[in-house]
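One structure is given below, encoded as structure tokens.
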There are 2 protein chains.
Amino acid sequence: MSEDTKHRIIEAGAELVHRQGFNNTGLKDILKAAGVPKGSFYFYFDNKEAFGIEMVHYFRDRFRAGTASIINDKALTPLERITGLFAHFKAYYEMHGYTRGCPIGNLAQEMGDLSAPFRAALHEALDGMVDVFEGLIVQAQEAGESPKDLDAREAATFVVEACHGAFIRMKVVKNAEPLNICHKFIIEILLK
Amino acid sequence: MSEDTKHRIIEAGAELVHRQGFNNTGLKDILKAAGVPKGSFYFYFDNKEAFGIEMVHYFRDRFRAGTASIINDKALTPLERITGLFAHFKAYYEMHGYTRGCPIGNLAQEMGDLSAPFRAALHEALDGMVDVFEGLIVQAQEAGESPKDLDAREAATFVVEACHGAFIRMKVVKNAEPLNICHKFIIEILLK
């Protein structure tokens with residue numbers, strides 16, 4: 001058992017699942033993409049669901065790692081950092097031709113009703129995203145950029161929801177407009 | 001070939017797909033639920049994708065039929081009608097224990113990248129939802145309820161996105177909070 005092989009399975013699986021969905025991706029394809037012999041999956045995971053939970057943690061950690069430098073950039077004001085997150089999202093979707101969506105949002109849609117352990121892992125990952133925006137909104141309020149009477153937790157929840165809706169809409173329209181509109185209303189109307 | 005049988009297949013399939021996803025639902029299960037012999041599917045549909053497109057049209061028409069009386073209720077102001085739509089959504093999800101999500105939004109997430117004909121049908125259905133909110137926002141502006149400088153099409157796009165994000169989040173948290181927050185910010189901040 002090597003942690004390296006396990007990580008390779010998660011990484012290859014995450015790429016396939018992000019592109020085509022969890023139920024639509026077979027273990028065989030994941031192992032083939034990872035270059036791991038078919039029989040060895042069960043060395044690393046009890047079943048496909050257990051693999052899926054670890055994949056959610058992987059997506060959560062990747063989001064954290066990919067956004068930390070923006071979230072903590074003290075050269076920017078809190079609202080500028082929120083705009084930085086939107087710019088980060090826009091660059092990602094542009095690079096991928098407005099396909100894929102958010103892997104956590106996708107799995108929330110696909111698996112939220114079908115598996116309680118999946119739901120718990122997704123709940124934790126989504127709460128982590130809300131935490132990020134809540135932290136920035138509180139800082140924006142302290143800096144006098146955002147109105148103090150806004151409930152920061154609720155506003156952050158709304159931002160995460162609206163972004164997930166925009167990510168899905170981009171899958172259909174195949175352009176940046178949904179996310180641009182979302183960014184505009186969040187920054188110009190909600191948070192100012 | 002009976003239109004009645006075809007409709008029964010679409011209705012039974014729509015119920016299953018709404019609960020568990022398109023790729024996760026086999027033709028066998030759909031036909032079993034519809035009480036139709038296995039071999040007869042291809043009398044009615046070229047393939048599962050063609051069935052899926054007709055199912056999107058079915059969901060679109062069901063949304064229209066289910067919301068028309070609220071949208072056209074002249075006893076209510078335009079913003080009260082938007083609140084009426086939120087109340088309609090809330091009652092639906094409460095009845096289903098915050099499962100299911102929006103069938104159109106689910107399919108946009110699941111199939112938007114995987115099938116061009118699906119994408120086209122979903123595009124049209126989502127645009128129809130934006131049309132509904134745009135119409136009500138324009139009326140709210142004419143009635144002096146909403147600011148005139150708001151771009152009604154963009155605001156409507158944002159409302160539809162934010163709702164879809166909330167529908168997905170409810171699948172994970174299993175309570176009404178995401179939609180309540182969405183409703184509050186849309187009505188109290190965006191549209192007033």
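Ligands are numbered from 1 in the order shown, chains are lettered A, B, ... in the order of the structure tokens, and residues start at 1 in each chain.
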Just list the residues in region 53-171 of chain B DSSP gives helix (DSSP H, G or I) on the backbone, as number ranges by chain. B: 53-71, 78-95, 103-111, 116-142, 152-171
Which residues of chain A are close to chain B, meaning at most 9 Å apart when you count only C-alpha atoms, and how do they look as a ChimeraX atom specification? /A:19-21,23-24,98-101,105-106,108-114,119-120,122-123,126,154-155,157-173,178,181-182,185,189-190
How would chain B read as a PDB file with C-alpha atoms, in the first residue's frame once least-squares superposed on chain A using all paired C-alpha atoms?
```pdb
ATOM      1  CA  MET B   1       0.034  -0.010   0.092  1.00  0.00           C
ATOM      2  CA  SER B   2       1.524   3.271  -0.999  1.00  0.00           C
ATOM      3  CA  GLU B   3       0.067   6.680  -0.199  1.00  0.00           C
ATOM      4  CA  ASP B   4       1.445   7.741  -3.557  1.00  0.00           C
ATOM      5  CA  THR B   5      -0.678   5.233  -5.465  1.00  0.00           C
ATOM      6  CA  LYS B   6      -3.726   6.155  -3.410  1.00  0.00           C
ATOM      7  CA  HIS B   7      -3.189   9.819  -4.224  1.00  0.00           C
ATOM      8  CA  ARG B   8      -2.772   8.977  -7.906  1.00  0.00           C
ATOM      9  CA  ILE B   9      -6.144   7.195  -7.909  1.00  0.00           C
ATOM     10  CA  ILE B  10      -7.842  10.161  -6.220  1.00  0.00           C
ATOM     11  CA  GLU B  11      -6.255  12.659  -8.587  1.00  0.00           C
ATOM     12  CA  ALA B  12      -7.093  10.698 -11.744  1.00  0.00           C
ATOM     13  CA  GLY B  13     -10.599   9.967 -10.446  1.00  0.00           C
ATOM     14  CA  ALA B  14     -11.183  13.604  -9.513  1.00  0.00           C
ATOM     15  CA  GLU B  15     -10.286  14.714 -13.036  1.00  0.00           C
ATOM     16  CA  LEU B  16     -12.709  12.228 -14.630  1.00  0.00           C
ATOM     17  CA  VAL B  17     -15.530  12.846 -12.141  1.00  0.00           C
ATOM     18  CA  HIS B  18     -15.173  16.605 -12.525  1.00  0.00           C
ATOM     19  CA  ARG B  19     -15.537  16.266 -16.300  1.00  0.00           C
ATOM     20  CA  GLN B  20     -18.318  13.693 -16.502  1.00  0.00           C
ATOM     21  CA  GLY B  21     -19.959  13.092 -13.092  1.00  0.00           C
ATOM     22  CA  PHE B  22     -19.606  10.513 -10.323  1.00  0.00           C
ATOM     23  CA  ASN B  23     -22.241   7.981 -11.345  1.00  0.00           C
ATOM     24  CA  ASN B  24     -21.181   8.361 -14.957  1.00  0.00           C
ATOM     25  CA  THR B  25     -17.566   7.378 -14.163  1.00  0.00           C
ATOM     26  CA  GLY B  26     -16.682   3.729 -13.698  1.00  0.00           C
ATOM     27  CA  LEU B  27     -13.981   2.457 -11.347  1.00  0.00           C
ATOM     28  CA  LYS B  28     -12.406   0.759 -14.365  1.00  0.00           C
ATOM     29  CA  ASP B  29     -11.903   4.123 -16.092  1.00  0.00           C
ATOM     30  CA  ILE B  30     -10.494   5.709 -12.932  1.00  0.00           C
ATOM     31  CA  LEU B  31      -7.952   2.929 -12.440  1.00  0.00           C
ATOM     32  CA  LYS B  32      -7.028   2.953 -16.111  1.00  0.00           C
ATOM     33  CA  ALA B  33      -6.432   6.728 -15.968  1.00  0.00           C
ATOM     34  CA  ALA B  34      -4.368   6.289 -12.776  1.00  0.00           C
ATOM     35  CA  GLY B  35      -2.362   3.464 -14.337  1.00  0.00           C
ATOM     36  CA  VAL B  36      -3.180   1.177 -11.406  1.00  0.00           C
ATOM     37  CA  PRO B  37      -4.093  -2.520 -11.758  1.00  0.00           C
ATOM     38  CA  LYS B  38      -7.807  -3.189 -11.512  1.00  0.00           C
ATOM     39  CA  GLY B  39      -7.671  -5.430  -8.468  1.00  0.00           C
ATOM     40  CA  SER B  40      -5.820  -2.969  -6.258  1.00  0.00           C
ATOM     41  CA  PHE B  41      -8.625  -0.427  -5.754  1.00  0.00           C
ATOM     42  CA  TYR B  42      -9.898  -2.245  -2.675  1.00  0.00           C
ATOM     43  CA  PHE B  43      -6.476  -2.023  -1.019  1.00  0.00           C
ATOM     44  CA  TYR B  44      -7.083   1.697  -0.777  1.00  0.00           C
ATOM     45  CA  PHE B  45     -10.834   2.191  -0.527  1.00  0.00           C
ATOM     46  CA  ASP B  46     -13.696   0.166   0.964  1.00  0.00           C
ATOM     47  CA  ASN B  47     -15.922   0.984  -1.997  1.00  0.00           C
ATOM     48  CA  LYS B  48     -16.617   3.644  -4.618  1.00  0.00           C
ATOM     49  CA  GLU B  49     -18.487   5.793  -2.074  1.00  0.00           C
ATOM     50  CA  ALA B  50     -15.466   5.816   0.276  1.00  0.00           C
ATOM     51  CA  PHE B  51     -13.319   6.862  -2.671  1.00  0.00           C
ATOM     52  CA  GLY B  52     -15.873   9.602  -3.406  1.00  0.00           C
ATOM     53  CA  ILE B  53     -15.648  11.006   0.136  1.00  0.00           C
ATOM     54  CA  GLU B  54     -11.861  11.215  -0.065  1.00  0.00           C
ATOM     55  CA  MET B  55     -12.235  12.890  -3.455  1.00  0.00           C
ATOM     56  CA  VAL B  56     -14.487  15.554  -1.859  1.00  0.00           C
ATOM     57  CA  HIS B  57     -11.743  16.207   0.721  1.00  0.00           C
ATOM     58  CA  TYR B  58      -9.232  16.446  -2.137  1.00  0.00           C
ATOM     59  CA  PHE B  59     -11.391  19.048  -3.947  1.00  0.00           C
ATOM     60  CA  ARG B  60     -11.849  20.952  -0.675  1.00  0.00           C
ATOM     61  CA  ASP B  61      -8.086  21.047  -0.060  1.00  0.00           C
ATOM     62  CA  ARG B  62      -7.386  22.046  -3.658  1.00  0.00           C
ATOM     63  CA  PHE B  63      -9.835  24.965  -3.336  1.00  0.00           C
ATOM     64  CA  ARG B  64      -8.110  26.088  -0.134  1.00  0.00           C
ATOM     65  CA  ALA B  65      -4.629  25.816  -1.618  1.00  0.00           C
ATOM     66  CA  GLY B  66      -5.638  27.563  -4.848  1.00  0.00           C
ATOM     67  CA  THR B  67      -7.282  30.528  -3.136  1.00  0.00           C
ATOM     68  CA  ALA B  68      -5.140  31.073   0.005  1.00  0.00           C
ATOM     69  CA  SER B  69      -2.806  33.624  -1.599  1.00  0.00           C
ATOM     70  CA  ILE B  70      -5.796  35.721  -2.763  1.00  0.00           C
ATOM     71  CA  ILE B  71      -7.682  35.466   0.549  1.00  0.00           C
ATOM     72  CA  ASN B  72      -4.632  36.540   2.545  1.00  0.00           C
ATOM     73  CA  ASP B  73      -3.281  39.216   0.185  1.00  0.00           C
ATOM     74  CA  LYS B  74      -2.907  42.173   2.529  1.00  0.00           C
ATOM     75  CA  ALA B  75      -1.997  44.451  -0.388  1.00  0.00           C
ATOM     76  CA  LEU B  76      -5.674  44.273  -1.390  1.00  0.00           C
ATOM     77  CA  THR B  77      -8.731  45.524   0.479  1.00  0.00           C
ATOM     78  CA  PRO B  78     -11.213  42.805   1.573  1.00  0.00           C
ATOM     79  CA  LEU B  79     -13.614  43.574  -1.330  1.00  0.00           C
ATOM     80  CA  GLU B  80     -10.689  43.570  -3.764  1.00  0.00           C
ATOM     81  CA  ARG B  81      -9.843  40.108  -2.472  1.00  0.00           C
ATOM     82  CA  ILE B  82     -13.427  38.962  -3.161  1.00  0.00           C
ATOM     83  CA  THR B  83     -13.034  40.385  -6.665  1.00  0.00           C
ATOM     84  CA  GLY B  84      -9.730  38.491  -6.814  1.00  0.00           C
ATOM     85  CA  LEU B  85     -11.595  35.249  -6.076  1.00  0.00           C
ATOM     86  CA  PHE B  86     -14.063  35.988  -8.885  1.00  0.00           C
ATOM     87  CA  ALA B  87     -11.127  36.690 -11.238  1.00  0.00           C
ATOM     88  CA  HIS B  88      -9.608  33.356 -10.171  1.00  0.00           C
ATOM     89  CA  PHE B  89     -12.893  31.544 -10.948  1.00  0.00           C
ATOM     90  CA  LYS B  90     -13.283  33.348 -14.282  1.00  0.00           C
ATOM     91  CA  ALA B  91      -9.758  32.458 -15.391  1.00  0.00           C
ATOM     92  CA  TYR B  92     -10.380  28.807 -14.485  1.00  0.00           C
ATOM     93  CA  TYR B  93     -13.633  28.500 -16.433  1.00  0.00           C
ATOM     94  CA  GLU B  94     -12.305  30.454 -19.394  1.00  0.00           C
ATOM     95  CA  MET B  95      -9.346  28.069 -19.561  1.00  0.00           C
ATOM     96  CA  HIS B  96     -11.762  25.115 -19.659  1.00  0.00           C
ATOM     97  CA  GLY B  97     -14.202  26.595 -22.184  1.00  0.00           C
ATOM     98  CA  TYR B  98     -16.879  27.095 -19.502  1.00  0.00           C
ATOM     99  CA  THR B  99     -17.201  23.368 -18.906  1.00  0.00           C
ATOM    100  CA  ARG B 100     -16.846  21.396 -15.662  1.00  0.00           C
ATOM    101  CA  GLY B 101     -18.546  23.615 -13.080  1.00  0.00           C
ATOM    102  CA  CYS B 102     -17.423  23.541  -9.437  1.00  0.00           C
ATOM    103  CA  PRO B 103     -16.580  19.964  -8.450  1.00  0.00           C
ATOM    104  CA  ILE B 104     -18.067  20.437  -4.968  1.00  0.00           C
ATOM    105  CA  GLY B 105     -21.250  22.029  -6.320  1.00  0.00           C
ATOM    106  CA  ASN B 106     -21.577  19.309  -8.960  1.00  0.00           C
ATOM    107  CA  LEU B 107     -21.324  16.579  -6.349  1.00  0.00           C
ATOM    108  CA  ALA B 108     -23.749  18.401  -4.037  1.00  0.00           C
ATOM    109  CA  GLN B 109     -26.247  18.315  -6.877  1.00  0.00           C
ATOM    110  CA  GLU B 110     -25.512  14.737  -7.903  1.00  0.00           C
ATOM    111  CA  MET B 111     -24.922  13.016  -4.554  1.00  0.00           C
ATOM    112  CA  GLY B 112     -26.610  15.224  -1.910  1.00  0.00           C
ATOM    113  CA  ASP B 113     -29.739  13.072  -1.957  1.00  0.00           C
ATOM    114  CA  LEU B 114     -28.130   9.730  -2.683  1.00  0.00           C
ATOM    115  CA  SER B 115     -25.546   9.207   0.076  1.00  0.00           C
ATOM    116  CA  ALA B 116     -25.434  10.431   3.679  1.00  0.00           C
ATOM    117  CA  PRO B 117     -21.624  10.197   4.003  1.00  0.00           C
ATOM    118  CA  PHE B 118     -21.217  12.131   0.734  1.00  0.00           C
ATOM    119  CA  ARG B 119     -23.673  14.726   2.022  1.00  0.00           C
ATOM    120  CA  ALA B 120     -21.689  15.152   5.255  1.00  0.00           C
ATOM    121  CA  ALA B 121     -18.405  15.642   3.393  1.00  0.00           C
ATOM    122  CA  LEU B 122     -20.030  18.098   0.963  1.00  0.00           C
ATOM    123  CA  HIS B 123     -21.650  19.985   3.845  1.00  0.00           C
ATOM    124  CA  GLU B 124     -18.268  20.475   5.440  1.00  0.00           C
ATOM    125  CA  ALA B 125     -16.631  21.539   2.157  1.00  0.00           C
ATOM    126  CA  LEU B 126     -19.399  24.045   1.346  1.00  0.00           C
ATOM    127  CA  ASP B 127     -19.321  25.442   4.885  1.00  0.00           C
ATOM    128  CA  GLY B 128     -15.586  25.986   4.385  1.00  0.00           C
ATOM    129  CA  MET B 129     -16.332  28.107   1.299  1.00  0.00           C
ATOM    130  CA  VAL B 130     -18.912  30.118   3.241  1.00  0.00           C
ATOM    131  CA  ASP B 131     -16.285  30.602   6.012  1.00  0.00           C
ATOM    132  CA  VAL B 132     -13.905  32.148   3.468  1.00  0.00           C
ATOM    133  CA  PHE B 133     -16.448  34.689   2.213  1.00  0.00           C
ATOM    134  CA  GLU B 134     -17.743  35.397   5.719  1.00  0.00           C
ATOM    135  CA  GLY B 135     -14.208  36.200   6.866  1.00  0.00           C
ATOM    136  CA  LEU B 136     -13.686  38.603   3.967  1.00  0.00           C
ATOM    137  CA  ILE B 137     -17.091  40.262   4.430  1.00  0.00           C
ATOM    138  CA  VAL B 138     -16.413  40.823   8.157  1.00  0.00           C
ATOM    139  CA  GLN B 139     -13.078  42.396   7.214  1.00  0.00           C
ATOM    140  CA  ALA B 140     -14.836  44.542   4.577  1.00  0.00           C
ATOM    141  CA  GLN B 141     -17.266  45.730   7.251  1.00  0.00           C
ATOM    142  CA  GLU B 142     -14.408  46.537   9.633  1.00  0.00           C
ATOM    143  CA  ALA B 143     -12.647  48.431   6.843  1.00  0.00           C
ATOM    144  CA  GLY B 144     -15.803  50.422   6.095  1.00  0.00           C
ATOM    145  CA  GLU B 145     -16.185  48.914   2.607  1.00  0.00           C
ATOM    146  CA  SER B 146     -19.396  46.980   3.349  1.00  0.00           C
ATOM    147  CA  PRO B 147     -22.481  48.007   5.340  1.00  0.00           C
ATOM    148  CA  LYS B 148     -22.288  47.007   8.994  1.00  0.00           C
ATOM    149  CA  ASP B 149     -25.954  45.962   9.141  1.00  0.00           C
ATOM    150  CA  LEU B 150     -25.361  43.109   6.688  1.00  0.00           C
ATOM    151  CA  ASP B 151     -25.409  39.658   8.341  1.00  0.00           C
ATOM    152  CA  ALA B 152     -21.983  38.450   7.184  1.00  0.00           C
ATOM    153  CA  ARG B 153     -22.792  34.727   7.507  1.00  0.00           C
ATOM    154  CA  GLU B 154     -26.015  35.050   5.530  1.00  0.00           C
ATOM    155  CA  ALA B 155     -24.363  37.243   2.905  1.00  0.00           C
ATOM    156  CA  ALA B 156     -21.523  34.713   2.551  1.00  0.00           C
ATOM    157  CA  THR B 157     -24.035  31.874   2.198  1.00  0.00           C
ATOM    158  CA  PHE B 158     -25.786  33.836  -0.527  1.00  0.00           C
ATOM    159  CA  VAL B 159     -22.505  34.556  -2.354  1.00  0.00           C
ATOM    160  CA  VAL B 160     -21.596  30.857  -2.394  1.00  0.00           C
ATOM    161  CA  GLU B 161     -25.092  29.902  -3.606  1.00  0.00           C
ATOM    162  CA  ALA B 162     -25.122  32.545  -6.347  1.00  0.00           C
ATOM    163  CA  CYS B 163     -21.667  31.486  -7.547  1.00  0.00           C
ATOM    164  CA  HIS B 164     -22.727  27.843  -7.747  1.00  0.00           C
ATOM    165  CA  GLY B 165     -25.783  28.822  -9.753  1.00  0.00           C
ATOM    166  CA  ALA B 166     -23.557  30.816 -12.124  1.00  0.00           C
ATOM    167  CA  PHE B 167     -21.076  27.937 -12.498  1.00  0.00           C
ATOM    168  CA  ILE B 168     -23.936  25.658 -13.598  1.00  0.00           C
ATOM    169  CA  ARG B 169     -25.411  28.220 -15.956  1.00  0.00           C
ATOM    170  CA  MET B 170     -22.007  28.602 -17.643  1.00  0.00           C
ATOM    171  CA  LYS B 171     -22.134  24.899 -18.510  1.00  0.00           C
ATOM    172  CA  VAL B 172     -25.198  25.694 -20.616  1.00  0.00           C
ATOM    173  CA  VAL B 173     -24.399  29.094 -22.139  1.00  0.00           C
ATOM    174  CA  LYS B 174     -20.662  28.380 -22.576  1.00  0.00           C
ATOM    175  CA  ASN B 175     -19.572  31.921 -21.876  1.00  0.00           C
ATOM    176  CA  ALA B 176     -18.565  34.071 -18.894  1.00  0.00           C
ATOM    177  CA  GLU B 177     -21.769  36.128 -18.699  1.00  0.00           C
ATOM    178  CA  PRO B 178     -23.441  34.335 -15.745  1.00  0.00           C
ATOM    179  CA  LEU B 179     -20.354  34.739 -13.563  1.00  0.00           C
ATOM    180  CA  ASN B 180     -19.791  38.341 -14.697  1.00  0.00           C
ATOM    181  CA  ILE B 181     -23.369  39.213 -13.744  1.00  0.00           C
ATOM    182  CA  CYS B 182     -23.010  37.396 -10.419  1.00  0.00           C
ATOM    183  CA  HIS B 183     -19.773  39.257  -9.649  1.00  0.00           C
ATOM    184  CA  LYS B 184     -21.315  42.618 -10.537  1.00  0.00           C
ATOM    185  CA  PHE B 185     -24.406  42.210  -8.347  1.00  0.00           C
ATOM    186  CA  ILE B 186     -22.474  40.719  -5.425  1.00  0.00           C
ATOM    187  CA  ILE B 187     -19.885  43.488  -5.358  1.00  0.00           C
ATOM    188  CA  GLU B 188     -21.903  46.505  -6.498  1.00  0.00           C
ATOM    189  CA  ILE B 189     -25.227  45.867  -4.817  1.00  0.00           C
ATOM    190  CA  LEU B 190     -24.923  43.278  -2.041  1.00  0.00           C
ATOM    191  CA  LEU B 191     -21.576  44.165  -0.511  1.00  0.00           C
ATOM    192  CA  LYS B 192     -21.446  47.956  -1.032  1.00  0.00           C
TER     193      LYS B 192
END
```
